[in-house]
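One structure is given below, encoded as structure tokens.
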Amino acid sequence: MTDVSLTEKPELSTHGVGLTTTAASKVHSLLEQEGRDDLRLRVAVQPGGCSGLVYQLYFDERLLDGDATRDFDGVEVVVDRMSVPYLDGATIDFEDTIQKQGFTIDNPNAGGSCACGDSFH
């Protein structure tokens, strides 16, 4: 058993998720609108949807034990330990077209997705 003082930060690893320049710029913009500099973008995979797994993207102020982090020009992207293998090699982008606006995830690990595109396996 190892004693860890409350002032020590947990040992953080890195992950293989990428963030495009466009997505990083949008995250910066959203954080400025929130008026907070203590938030990071958390990306996770959770059970659900038609195909079995769904992505979650949200701002989080916490760092949890086992989180993997990576910095993209001042945008910290955090992935929990369980989601790392599902997201390795994935790229997060932001689309702003007449047909679609929002974050997209291109994930080479996804074997397929449902017709609505909200879940994958």
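Identifiers in this document derive from the order of the structure tokens: chains are assigned A, B, ..., residues are numbered from 1 separately in each chain, and ligands are numbered from 1 in order of occurrence.
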
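Using only C-alpha atoms, the contacts of Ala24 (chain A) at a cut-off of 10 Å, with sequence neighbours closer than 3 positions omitted, comprise A:Gly18, A:Leu19, A:Thr20, A:Thr21, A:Val27, A:His28, A:Ser29, A:Leu30, A:Leu41, A:Asp71, A:Phe72, A:Asp73, A:Gly74, A:Val75, A:Glu76, A:Val77, A:Ile92, A:Asp93, A:Phe94.
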
Go through region 26-66 of chain A residue by residue and, counting only C-alpha atoms, keep those with an atom at most 10 Å from region 96-109 of chain A; for each kept residue give the shortest atom pair and its distance in Å to one decimal, ordered by chain and increasing number, as a Markdown table.
| residue | atom | partner | partner_atom | distance |
| --- | --- | --- | --- | --- |
| A:Lys26 | CA | A:Phe103 | CA | 9.1 |
| A:Val27 | CA | A:Phe103 | CA | 9.8 |
| A:Tyr55 | CA | A:Ile105 | CA | 8.4 |
| A:Leu57 | CA | A:Phe103 | CA | 8.7 |

Restricting it to C-alpha atoms, dump the selection as a compact mmCIF listing (two decimals), in the first residue's frame.
# COMPACT_ATOMS: atom_id res chain seq x y z
CA LYS A 26 -14.34 25.77 -30.92
CA VAL A 27 -13.54 24.37 -27.46
CA TYR A 55 -19.75 8.85 -27.11
CA LEU A 57 -18.21 14.87 -24.74

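Compared by their closest atoms to Ala110 (chain A), and using only C-alpha atoms, the residues A:Leu53, A:Arg40, A:Arg62, A:Thr69 rank with A:Leu53 nearest.
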
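The shortest atom-to-atom distance to Thr14 (chain A), with only C-alpha atoms taken into account, belongs to A:Asp80 out of A:Glu32, A:Glu61, A:Asp80, A:Asp38.
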
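Here CA of Asp60 (chain A) is placed at a distance of 9.7 Å from CA of Val43 (chain A).
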
All residues 8 Å or closer to Val45 (chain A), only C-alpha atoms, same chain fewer than 6 positions away omitted, as a PyMOL selection string = chain A and resi 53-56+83+86-87

Pick from A:Asp88, A:Glu34, A:Arg42, A:Glu95 nearest to Asp67 (chain A), counting only C-alpha atoms | A:Arg42
